[in-house]
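Input: a single structure, listed below in structure tokens.
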Amino acid sequence: MKTNAGRFFEDYRLGETIVHAVPRTLSGGERALYHALYPARGAVYSSDAFARTCGLPAAPMDDLIAFHTVFGKTVPDISLNAVANLGYAEGRWLAPVWAGDTLRSESVVIGLKENSNGKSGVVYVRSRGFNQHGVVVLDYVRWVMVKKRDLSAPAPEAVVPELAAVVDPASLVVPEGLDFSAYDFALAGERHRWGDYAVGEKIDHVDGVTIEDAEHMLATRLWQNTSKVHFDVTQREDGRRLIYGGHVISLARALSFNGLANAQMIVALNAGAHANPCFAGDTVRAWSEVLDRAETGAKGVGALRLRLVAVKDGAAPFAHKGADGKYAPEVLLDLDYWALVPL
Amino acid sequence: MKTNAGRFFEDYRLGETIVHAVPRTLSGGERALYHALYPARGAVYSSDAFARTCGLPAAPMDDLIAFHTVFGKTVPDISLNAVANLGYAEGRWLAPVWAGDTLRSESVVIGLKENSNGKSGVVYVRSRGFNQHGVVVLDYVRWVMVKKRDLSAPAPEAVVPELAAVVDPASLVVPEGLDFSAYDFALAGERHRWGDYAVGEKIDHVDGVTIEDAEHMLATRLWQNTSKVHFDVTQREDGRRLIYGGHVISLARALSFNGLANAQMIVALNAGAHANPCFAGDTVRAWSEVLDRAETGAKGVGALRLRLVAVKDGAAPFAHKGADGKYAPEVLLDLDYWALVPL
Amino acid sequence: MKTNAGRFFEDYRLGETIVHAVPRTLSGGERALYHALYPARGAVYSSDAFARTCGLPAAPMDDLIAFHTVFGKTVPDISLNAVANLGYAEGRWLAPVWAGDTLRSESVVIGLKENSNGKSGVVYVRSRGFNQHGVVVLDYVRWVMVKKRDLSAPAPEAVVPELAAVVDPASLVVPEGLDFSAYDFALAGERHRWGDYAVGEKIDHVDGVTIEDAEHMLATRLWQNTSKVHFDVTQREDGRRLIYGGHVISLARALSFNGLANAQMIVALNAGAHANPCFAGDTVRAWSEVLDRAETGAKGVGALRLRLVAVKDGAAPFAHKGADGKYAPEVLLDLDYWALVPL
């Protein structure tokens, strides 16, 4: 067989390193497409001039461009036969990605646990993205439920990694040179500083975007994510294309500009759940909650831990989980991350 | 409140300067998207090599990329609560925008007039776009009807600015170095020179494009225009997304290549009206009328004043206004501009 | 008349050279769009770093970006009034196209044959794409059936050029410096070498993509292809937009990654037929057949001659032609090309 059918649960070995294919050079083209696909307005990623006033040599590529690029490469090896993308943890952005950089990805299998039904299992991987200098730009853990090809394959010894519930703020990496002490709040779009956000505060980001199939497919292909369900209407009985969860992440993050314009750079991903599927025609909105605050030691730079929730139109205000602990059916995404904010 | 609900009529003060947020660096990515979104074929903007034969160091960004970028930044402050975009005047392109340039915008409130119903008012602003060197690249007046938040807010003293009906051709700014004396008409696509166009001549541009929601949303986001009605189907009772007027401008301008291939660079916007709303599924066509001709003093460079009218499929030939002075229902756009054309 | 209605059959003269309009500079923007529009993953075109390990100075623009750009320029002069795009032959990629290059096109009329019905005729052209240095980057023959405007125009003497059934592999041009001796199969995505492919071997590429109108229009405009039927729903009785055949070529070529990941660079187009029309909503799949193998003399570089067939969902496995020699109705494209593959 010349074609790749993807790995099944019994194909993973604890501790193995999987080198993912197809390195990718990113340019102003990817950036422009990102800003066309999402209403992204963060000034550091939008303007070389603004980035320079923040101590950087130019505008880096958006944090989530790095995420999607690194993630997309893992799909053919990790999640082509996944039933569900179960969670994220311990994600850290370790170095900015610049226009012209080339990214590639590797994953290490850090956990395996067959499900009691014997038909599938959970695979835990630590994925890392490298630039052309071999520098790790992103490091995160993801776990997915993967089908078995051969139901009679023996179950591996169950190993479930211990994962931090939250990335320790002391381990956040502030991009080299970043300095918000001359930050221009008028050009950034909002006047709210790190100190203006209180733990427990919730923000309704107001705006909504109705999703089109053409758009999420453009995005998903741009990251070279090959998961069939995003592109091929024959893959689901209902003839709908499931939208890549990362599309919802980027859309919600961009919508959160309205209220969090100064949450400029994501530096850690603490946790994430794709609570319900998203389809074309859904109108997506977002709200955030301030979960924690931390100092970083960098000049003028604080960190906020934020919960970002994407919902479909019709959701109750600040819809999240019901009394039973389950997500409300209108909730699409529940993301927990650290972002850098001017003090 | 952390979020921005936009300004209402009573929030504007005559003479105030509003610094608009989120500067934007433009690159070959924005240019490629522009040429994918519109059938743009103007040779000066399409080819570095062609631009060099016209005395420029490279192909500038399309004139309307500059316009949309500068305009988009004004939306959150000027037209987020606008009922209607009423007009444009005195628009001038003052310097080319190059790949790598960063644009930002400011507006000065130059007129205010509350409507007699007391529910809204007209706000006149002069908006200017600056590059990273502080050079003004675009300067234009726009007026919009904006809702009042508080109907009991007192009406300001009515001030309506006097605006030129047409930009004086003596004030047109020809890009530094532009020289059409070695212009290659074969590569440009048509043989018609400035002298071949007669005042009063009308041109049916023949071609049409059927609009998709995915496309106008990509465009509108690319310019960081945040107006809700373009993205969110819940904003209108009919569940349709209103298409950003600038999308129709760019589409009509690109369609006008067929007959005006040598109207290379827009240098002034005399007036403009978005006559009727445009929605996905509409097939847009365009026609032009030559309104005036002027010399510029630059080598080989003349100027044509053109009326560009965009219509929906089904419009009568050269559809414009009825006997009552009102636009025919199929007319979408009526734009009056100056363009540079080889002599 | 200022507008261009396109040429009709009687407007072509044997031997004439037509200089096509609107040169185009290509950048990382066009590349990013190409990779968003198609699931393209070829490592040489995706990564500067990978291309360097193959002896190139950077990742060239995808081979089909060059093809579409050169082809698009010919449309206003060759196929605006075409009834059908009948075939391709003797296509050769002669030099890589780099980001920043400017392409223009010329065609020479090499054959003319009026149809027996006297209403149309077949026009054969050899089209060539040049970069800004005047170097030919692509050379191919295409023939189209073109309507007559004046049915009483006399038929020209019939001249049908003799065309090679297959490009002689000895005439394939390997990009200067290309060297696959240090090729990284893990990063490229598959382990199969030139020697692993047997003549007669067929590969089902597994994946499918459902096409959207917004996507094929973005693509077709990007190449400045002006054919009305791709954009304007009023052009056909069924109100559907016919999809540019090149969109199907690029989609099928990208889908063929799964099984032909190492068929890195197309260097010749032997033949091609657009067997049936394609419309939005069609789910496109692809299969390939190895037709021949050849050595190139370049270090580590072999060539495979491949048949690439695009089909609509519902096609039988490896659907091609029926017993009557006609294409099955689900077959969209039958392309015959040479690609460079690591030994």
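Note on naming: chains are A, B, ... as they come in the structure tokens, residues start from 1 per chain, ligands start from 1 in the order shown.
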
Item to check | Distance filter 6 Å, only C-alpha atoms, chain C against chain A, as a ChimeraX atom specification | outcome: /C:28-29,32,35-37,39,43,46-47,187-189,208-210,212,258-259

Selection from above, all heavy atoms, as a JSON list (two decimals), in the first residue's frame, can you write it?
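Below you can see again-v8.json, which holds the result:
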[["chain", "number", "residue", "atom", "x", "y", "z"],
["C", 28, "GLY", "N", 4.80, 35.27, -1.62],
["C", 28, "GLY", "CA", 4.32, 34.34, -0.60],
["C", 28, "GLY", "C", 2.82, 34.40, -0.42],
["C", 28, "GLY", "O", 2.22, 33.45, 0.10],
["C", 29, "GLY", "N", 2.19, 35.48, -0.85],
["C", 29, "GLY", "CA", 0.74, 35.58, -0.77],
["C", 29, "GLY", "C", 0.05, 34.58, -1.68],
["C", 29, "GLY", "O", -0.89, 33.89, -1.28],
["C", 32, "ALA", "N", 0.53, 31.12, -0.21],
["C", 32, "ALA", "CA", -0.34, 30.83, 0.93],
["C", 32, "ALA", "C", -1.76, 30.55, 0.46],
["C", 32, "ALA", "O", -2.43, 29.62, 0.94],
["C", 32, "ALA", "CB", -0.32, 31.99, 1.92],
["C", 35, "HIS", "N", -2.05, 27.11, -0.99],
["C", 35, "HIS", "CA", -2.06, 26.06, 0.04],
["C", 35, "HIS", "C", -3.32, 26.12, 0.89],
["C", 35, "HIS", "O", -3.63, 25.16, 1.60],
["C", 35, "HIS", "CB", -0.78, 26.15, 0.89],
["C", 35, "HIS", "CG", 0.45, 25.73, 0.14],
["C", 35, "HIS", "ND1", 1.26, 24.71, 0.53],
["C", 35, "HIS", "CD2", 0.97, 26.18, -1.05],
["C", 35, "HIS", "CE1", 2.24, 24.56, -0.35],
["C", 35, "HIS", "NE2", 2.09, 25.44, -1.31],
["C", 36, "ALA", "N", -4.05, 27.21, 0.83],
["C", 36, "ALA", "CA", -5.36, 27.26, 1.50],
["C", 36, "ALA", "C", -6.45, 26.71, 0.59],
["C", 36, "ALA", "O", -7.43, 26.14, 1.05],
["C", 36, "ALA", "CB", -5.69, 28.70, 1.90],
["C", 37, "LEU", "N", -6.26, 26.87, -0.70],
["C", 37, "LEU", "CA", -7.29, 26.42, -1.64],
["C", 37, "LEU", "C", -7.20, 24.93, -1.93],
["C", 37, "LEU", "O", -8.21, 24.29, -2.24],
["C", 37, "LEU", "CB", -7.18, 27.21, -2.95],
["C", 37, "LEU", "CG", -7.64, 28.67, -2.83],
["C", 37, "LEU", "CD1", -7.10, 29.51, -3.98],
["C", 37, "LEU", "CD2", -9.17, 28.73, -2.81],
["C", 39, "PRO", "N", -5.30, 21.04, -0.75],
["C", 39, "PRO", "CA", -4.56, 20.38, 0.35],
["C", 39, "PRO", "C", -3.15, 20.01, -0.10],
["C", 39, "PRO", "O", -2.73, 18.87, 0.01],
["C", 39, "PRO", "CB", -5.43, 19.15, 0.65],
["C", 39, "PRO", "CG", -6.18, 18.88, -0.62],
["C", 39, "PRO", "CD", -6.37, 20.20, -1.32],
["C", 43, "ALA", "N", 6.67, 18.75, -0.03],
["C", 43, "ALA", "CA", 7.63, 19.40, 0.88],
["C", 43, "ALA", "C", 8.51, 20.41, 0.17],
["C", 43, "ALA", "O", 8.87, 21.43, 0.75],
["C", 43, "ALA", "CB", 8.48, 18.35, 1.58],
["C", 46, "SER", "N", 6.61, 23.49, 0.05],
["C", 46, "SER", "CA", 6.06, 23.93, 1.33],
["C", 46, "SER", "C", 7.10, 24.55, 2.23],
["C", 46, "SER", "O", 6.78, 25.38, 3.08],
["C", 46, "SER", "CB", 5.42, 22.73, 2.04],
["C", 46, "SER", "OG", 4.90, 23.07, 3.29],
["C", 47, "SER", "N", 8.36, 24.19, 2.01],
["C", 47, "SER", "CA", 9.38, 24.54, 3.01],
["C", 47, "SER", "C", 10.67, 25.00, 2.36],
["C", 47, "SER", "O", 11.31, 24.26, 1.61],
["C", 47, "SER", "CB", 9.66, 23.31, 3.88],
["C", 47, "SER", "OG", 10.87, 23.46, 4.58],
["C", 187, "LEU", "N", 10.46, 13.62, 6.57],
["C", 187, "LEU", "CA", 9.87, 14.97, 6.48],
["C", 187, "LEU", "C", 8.99, 15.12, 5.24],
["C", 187, "LEU", "O", 8.06, 15.91, 5.23],
["C", 187, "LEU", "CB", 10.96, 16.04, 6.49],
["C", 187, "LEU", "CG", 11.58, 16.34, 7.86],
["C", 187, "LEU", "CD1", 12.60, 17.47, 7.74],
["C", 187, "LEU", "CD2", 10.51, 16.70, 8.90],
["C", 188, "ALA", "N", 9.31, 14.38, 4.20],
["C", 188, "ALA", "CA", 8.50, 14.49, 2.98],
["C", 188, "ALA", "C", 7.15, 13.81, 3.14],
["C", 188, "ALA", "O", 6.18, 14.17, 2.46],
["C", 188, "ALA", "CB", 9.24, 13.87, 1.80],
["C", 189, "GLY", "N", 7.08, 12.82, 4.04],
["C", 189, "GLY", "CA", 5.78, 12.25, 4.35],
["C", 189, "GLY", "C", 5.56, 10.82, 3.91],
["C", 189, "GLY", "O", 4.62, 10.18, 4.38],
["C", 208, "GLY", "N", -11.11, 12.97, -0.17],
["C", 208, "GLY", "CA", -12.01, 13.73, -1.03],
["C", 208, "GLY", "C", -12.23, 15.13, -0.49],
["C", 208, "GLY", "O", -12.07, 15.39, 0.70],
["C", 209, "VAL", "N", -12.58, 16.03, -1.39],
["C", 209, "VAL", "CA", -12.89, 17.41, -1.00],
["C", 209, "VAL", "C", -14.18, 17.83, -1.71],
["C", 209, "VAL", "O", -14.30, 17.68, -2.93],
["C", 209, "VAL", "CB", -11.77, 18.38, -1.40],
["C", 209, "VAL", "CG1", -12.21, 19.83, -1.21],
["C", 209, "VAL", "CG2", -10.51, 18.10, -0.58],
["C", 210, "THR", "N", -15.11, 18.36, -0.94],
["C", 210, "THR", "CA", -16.34, 18.89, -1.50],
["C", 210, "THR", "C", -16.12, 20.35, -1.86],
["C", 210, "THR", "O", -15.63, 21.14, -1.05],
["C", 210, "THR", "CB", -17.49, 18.75, -0.48],
["C", 210, "THR", "OG1", -17.55, 17.38, -0.04],
["C", 210, "THR", "CG2", -18.82, 19.14, -1.11],
["C", 212, "GLU", "N", -16.67, 24.26, -3.03],
["C", 212, "GLU", "CA", -17.53, 25.42, -2.79],
["C", 212, "GLU", "C", -17.34, 26.46, -3.90],
["C", 212, "GLU", "O", -16.22, 26.65, -4.38],
["C", 212, "GLU", "CB", -17.15, 26.08, -1.46],
["C", 212, "GLU", "CG", -17.41, 25.22, -0.25],
["C", 212, "GLU", "CD", -18.89, 25.05, 0.00],
["C", 212, "GLU", "OE1", -19.62, 26.06, 0.03],
["C", 212, "GLU", "OE2", -19.32, 23.89, 0.17],
["C", 258, "ASN", "N", -1.30, 11.68, -1.00],
["C", 258, "ASN", "CA", -1.47, 10.43, -0.26],
["C", 258, "ASN", "C", -1.19, 9.26, -1.19],
["C", 258, "ASN", "O", -2.09, 8.72, -1.83],
["C", 258, "ASN", "CB", -2.88, 10.37, 0.33],
["C", 258, "ASN", "CG", -2.99, 9.34, 1.44],
["C", 258, "ASN", "OD1", -2.12, 8.50, 1.61],
["C", 258, "ASN", "ND2", -4.07, 9.40, 2.19],
["C", 259, "GLY", "N", 0.06, 8.90, -1.28],
["C", 259, "GLY", "CA", 0.49, 7.82, -2.16],
["C", 259, "GLY", "C", 1.57, 8.28, -3.12],
["C", 259, "GLY", "O", 2.34, 7.47, -3.63]]

Next on the checklist: If DSSP is run on the backbone, what residues of region 51-233 of chain A are helix (DSSP H, G or I)? A reply as a PyMOL selection string would be ideal.
Outcome noted: chain A and resi 51-53+63-78+169-171+185-188+194-196+213-222+228-230+233

Checklist entry - Quick one: residues within 8 Å of Leu112 (chain C), only C-alpha atoms counted, chain neighbours fewer than 5 positions away excluded, as a VMD selection string? => result chain C and resid 12 14 121 to 124 156 to 160

Dump of all heavy atoms for the selected residues, as a PDB file, in the first residue's frame:
ATOM      1  N   TYR C  12      -8.144  34.447 -35.804  1.00  0.00           N
ATOM      2  CA  TYR C  12      -6.795  33.875 -35.632  1.00  0.00           C
ATOM      3  C   TYR C  12      -6.115  33.671 -36.971  1.00  0.00           C
ATOM      4  O   TYR C  12      -6.751  33.294 -37.954  1.00  0.00           O
ATOM      5  CB  TYR C  12      -6.876  32.544 -34.863  1.00  0.00           C
ATOM      6  CG  TYR C  12      -7.385  32.701 -33.449  1.00  0.00           C
ATOM      7  CD1 TYR C  12      -8.742  32.584 -33.170  1.00  0.00           C
ATOM      8  CD2 TYR C  12      -6.516  32.992 -32.409  1.00  0.00           C
ATOM      9  CE1 TYR C  12      -9.228  32.738 -31.875  1.00  0.00           C
ATOM     10  CE2 TYR C  12      -6.977  33.150 -31.115  1.00  0.00           C
ATOM     11  CZ  TYR C  12      -8.337  33.022 -30.856  1.00  0.00           C
ATOM     12  OH  TYR C  12      -8.805  33.197 -29.580  1.00  0.00           O
ATOM     13  N   LEU C  14      -2.710  31.772 -38.707  1.00  0.00           N
ATOM     14  CA  LEU C  14      -1.641  30.802 -38.480  1.00  0.00           C
ATOM     15  C   LEU C  14      -0.301  31.523 -38.365  1.00  0.00           C
ATOM     16  O   LEU C  14       0.031  32.373 -39.192  1.00  0.00           O
ATOM     17  CB  LEU C  14      -1.606  29.798 -39.640  1.00  0.00           C
ATOM     18  CG  LEU C  14      -0.754  28.549 -39.388  1.00  0.00           C
ATOM     19  CD1 LEU C  14      -1.407  27.638 -38.369  1.00  0.00           C
ATOM     20  CD2 LEU C  14      -0.510  27.808 -40.696  1.00  0.00           C
ATOM     21  N   GLY C 121     -14.434  26.360 -34.812  1.00  0.00           N
ATOM     22  CA  GLY C 121     -13.221  25.736 -35.301  1.00  0.00           C
ATOM     23  C   GLY C 121     -12.282  25.473 -34.144  1.00  0.00           C
ATOM     24  O   GLY C 121     -12.492  25.967 -33.029  1.00  0.00           O
ATOM     25  N   VAL C 122     -11.247  24.711 -34.435  1.00  0.00           N
ATOM     26  CA  VAL C 122     -10.272  24.395 -33.405  1.00  0.00           C
ATOM     27  C   VAL C 122      -9.027  25.254 -33.628  1.00  0.00           C
ATOM     28  O   VAL C 122      -8.520  25.341 -34.748  1.00  0.00           O
ATOM     29  CB  VAL C 122      -9.914  22.895 -33.436  1.00  0.00           C
ATOM     30  CG1 VAL C 122      -8.855  22.577 -32.383  1.00  0.00           C
ATOM     31  CG2 VAL C 122     -11.167  22.049 -33.218  1.00  0.00           C
ATOM     32  N   VAL C 123      -8.600  25.905 -32.543  1.00  0.00           N
ATOM     33  CA  VAL C 123      -7.399  26.738 -32.563  1.00  0.00           C
ATOM     34  C   VAL C 123      -6.335  26.050 -31.722  1.00  0.00           C
ATOM     35  O   VAL C 123      -6.600  25.691 -30.564  1.00  0.00           O
ATOM     36  CB  VAL C 123      -7.696  28.149 -32.004  1.00  0.00           C
ATOM     37  CG1 VAL C 123      -6.434  29.009 -32.021  1.00  0.00           C
ATOM     38  CG2 VAL C 123      -8.825  28.809 -32.766  1.00  0.00           C
ATOM     39  N   TYR C 124      -5.158  25.851 -32.291  1.00  0.00           N
ATOM     40  CA  TYR C 124      -4.023  25.262 -31.567  1.00  0.00           C
ATOM     41  C   TYR C 124      -3.029  26.374 -31.272  1.00  0.00           C
ATOM     42  O   TYR C 124      -2.622  27.093 -32.185  1.00  0.00           O
ATOM     43  CB  TYR C 124      -3.316  24.209 -32.425  1.00  0.00           C
ATOM     44  CG  TYR C 124      -4.158  23.009 -32.785  1.00  0.00           C
ATOM     45  CD1 TYR C 124      -5.100  23.074 -33.805  1.00  0.00           C
ATOM     46  CD2 TYR C 124      -4.008  21.802 -32.116  1.00  0.00           C
ATOM     47  CE1 TYR C 124      -5.875  21.964 -34.144  1.00  0.00           C
ATOM     48  CE2 TYR C 124      -4.773  20.686 -32.447  1.00  0.00           C
ATOM     49  CZ  TYR C 124      -5.710  20.779 -33.460  1.00  0.00           C
ATOM     50  OH  TYR C 124      -6.476  19.702 -33.789  1.00  0.00           O
ATOM     51  N   PRO C 156     -10.215  28.875 -42.932  1.00  0.00           N
ATOM     52  CA  PRO C 156      -8.796  28.930 -43.276  1.00  0.00           C
ATOM     53  C   PRO C 156      -8.347  27.551 -43.766  1.00  0.00           C
ATOM     54  O   PRO C 156      -9.036  26.544 -43.557  1.00  0.00           O
ATOM     55  CB  PRO C 156      -8.133  29.264 -41.944  1.00  0.00           C
ATOM     56  CG  PRO C 156      -9.044  28.681 -40.921  1.00  0.00           C
ATOM     57  CD  PRO C 156     -10.439  28.781 -41.490  1.00  0.00           C
ATOM     58  N   GLU C 157      -7.213  27.524 -44.407  1.00  0.00           N
ATOM     59  CA  GLU C 157      -6.644  26.225 -44.748  1.00  0.00           C
ATOM     60  C   GLU C 157      -6.428  25.437 -43.455  1.00  0.00           C
ATOM     61  O   GLU C 157      -5.878  25.968 -42.488  1.00  0.00           O
ATOM     62  CB  GLU C 157      -5.298  26.434 -45.470  1.00  0.00           C
ATOM     63  CG  GLU C 157      -4.705  25.135 -45.992  1.00  0.00           C
ATOM     64  CD  GLU C 157      -3.301  25.323 -46.579  1.00  0.00           C
ATOM     65  OE1 GLU C 157      -2.797  26.472 -46.526  1.00  0.00           O
ATOM     66  OE2 GLU C 157      -2.728  24.351 -47.060  1.00  0.00           O
ATOM     67  N   ALA C 158      -6.869  24.202 -43.441  1.00  0.00           N
ATOM     68  CA  ALA C 158      -6.762  23.418 -42.211  1.00  0.00           C
ATOM     69  C   ALA C 158      -5.312  23.019 -41.965  1.00  0.00           C
ATOM     70  O   ALA C 158      -4.657  22.451 -42.842  1.00  0.00           O
ATOM     71  CB  ALA C 158      -7.643  22.175 -42.301  1.00  0.00           C
ATOM     72  N   VAL C 159      -4.811  23.360 -40.786  1.00  0.00           N
ATOM     73  CA  VAL C 159      -3.473  22.953 -40.374  1.00  0.00           C
ATOM     74  C   VAL C 159      -3.574  22.375 -38.976  1.00  0.00           C
ATOM     75  O   VAL C 159      -3.962  23.082 -38.031  1.00  0.00           O
ATOM     76  CB  VAL C 159      -2.489  24.145 -40.378  1.00  0.00           C
ATOM     77  CG1 VAL C 159      -1.136  23.706 -39.800  1.00  0.00           C
ATOM     78  CG2 VAL C 159      -2.325  24.697 -41.784  1.00  0.00           C
ATOM     79  N   VAL C 160      -3.277  21.111 -38.845  1.00  0.00           N
ATOM     80  CA  VAL C 160      -3.276  20.466 -37.534  1.00  0.00           C
ATOM     81  C   VAL C 160      -1.845  20.082 -37.204  1.00  0.00           C
ATOM     82  O   VAL C 160      -1.218  19.331 -37.943  1.00  0.00           O
ATOM     83  CB  VAL C 160      -4.184  19.216 -37.550  1.00  0.00           C
ATOM     84  CG1 VAL C 160      -4.084  18.476 -36.222  1.00  0.00           C
ATOM     85  CG2 VAL C 160      -5.629  19.626 -37.838  1.00  0.00           C
TER      86      VAL C 160
END

Checklist entry - What lies within 9 Å of region 172-182 of chain B using only C-alpha atoms, ignoring chain neighbours under 3 positions off, as a PyMOL selection string? => result chain B and resi 51+53-57+92-96+167-169+267-268+296-301+303+338+340-343

Item to check | Filtered DSSP result for region 20-250 of chain A, state strand (DSSP E), as a count of residues only | outcome: 55

Item to check | Non-local contacts of Lys312 (chain C) (12 Å; only C-alpha atoms; under 3 positions in same chain excluded) as number ranges by chain | outcome: A: 232, 234; C: 207-211, 248, 251-252, 275-287, 309, 315-320, 328-333

Please, could you write that set of residues out with C-alpha atoms as a PDB file, in the first residue's frame?
ATOM      1  CA  ASP A 232     -15.712  15.630   2.577  1.00  0.00           C
ATOM      2  CA  THR A 234     -19.662  11.892   2.494  1.00  0.00           C
TER       3      THR A 234
ATOM      4  CA  ASP C 207      -9.269  11.503   0.364  1.00  0.00           C
ATOM      5  CA  GLY C 208     -12.006  13.732  -1.033  1.00  0.00           C
ATOM      6  CA  VAL C 209     -12.894  17.409  -0.999  1.00  0.00           C
ATOM      7  CA  THR C 210     -16.345  18.892  -1.501  1.00  0.00           C
ATOM      8  CA  ILE C 211     -16.088  22.015  -3.640  1.00  0.00           C
ATOM      9  CA  VAL C 248      -9.759  20.367 -10.573  1.00  0.00           C
ATOM     10  CA  LEU C 251      -7.227  19.698  -6.317  1.00  0.00           C
ATOM     11  CA  ALA C 252      -6.496  16.265  -7.763  1.00  0.00           C
ATOM     12  CA  ALA C 275     -13.728  14.793 -19.246  1.00  0.00           C
ATOM     13  CA  ASN C 276     -16.859  16.191 -17.606  1.00  0.00           C
ATOM     14  CA  PRO C 277     -17.847  19.484 -16.037  1.00  0.00           C
ATOM     15  CA  CYS C 278     -17.444  20.061 -12.298  1.00  0.00           C
ATOM     16  CA  PHE C 279     -19.747  22.117 -10.092  1.00  0.00           C
ATOM     17  CA  ALA C 280     -19.933  23.286  -6.496  1.00  0.00           C
ATOM     18  CA  GLY C 281     -21.148  20.504  -4.249  1.00  0.00           C
ATOM     19  CA  ASP C 282     -19.226  17.814  -6.099  1.00  0.00           C
ATOM     20  CA  THR C 283     -16.905  15.823  -3.884  1.00  0.00           C
ATOM     21  CA  VAL C 284     -13.702  15.282  -5.812  1.00  0.00           C
ATOM     22  CA  ARG C 285     -11.426  12.245  -5.366  1.00  0.00           C
ATOM     23  CA  ALA C 286      -8.404  11.126  -7.342  1.00  0.00           C
ATOM     24  CA  TRP C 287      -6.456   8.077  -8.420  1.00  0.00           C
ATOM     25  CA  VAL C 309      -7.653  10.987 -12.780  1.00  0.00           C
ATOM     26  CA  ALA C 315     -17.398   6.793  -9.252  1.00  0.00           C
ATOM     27  CA  ALA C 316     -16.407   3.147  -9.473  1.00  0.00           C
ATOM     28  CA  PRO C 317     -12.900   2.311  -8.232  1.00  0.00           C
ATOM     29  CA  PHE C 318     -10.340   3.575 -10.752  1.00  0.00           C
ATOM     30  CA  ALA C 319     -13.145   4.819 -12.993  1.00  0.00           C
ATOM     31  CA  HIS C 320     -11.839   5.886 -16.385  1.00  0.00           C
ATOM     32  CA  ALA C 328     -17.382   7.483 -17.416  1.00  0.00           C
ATOM     33  CA  PRO C 329     -19.721  10.318 -16.405  1.00  0.00           C
ATOM     34  CA  GLU C 330     -18.073  10.647 -12.994  1.00  0.00           C
ATOM     35  CA  VAL C 331     -14.623  11.270 -14.459  1.00  0.00           C
ATOM     36  CA  LEU C 332     -13.677  14.948 -14.342  1.00  0.00           C
ATOM     37  CA  LEU C 333     -10.064  14.987 -15.405  1.00  0.00           C
TER      38      LEU C 333
END
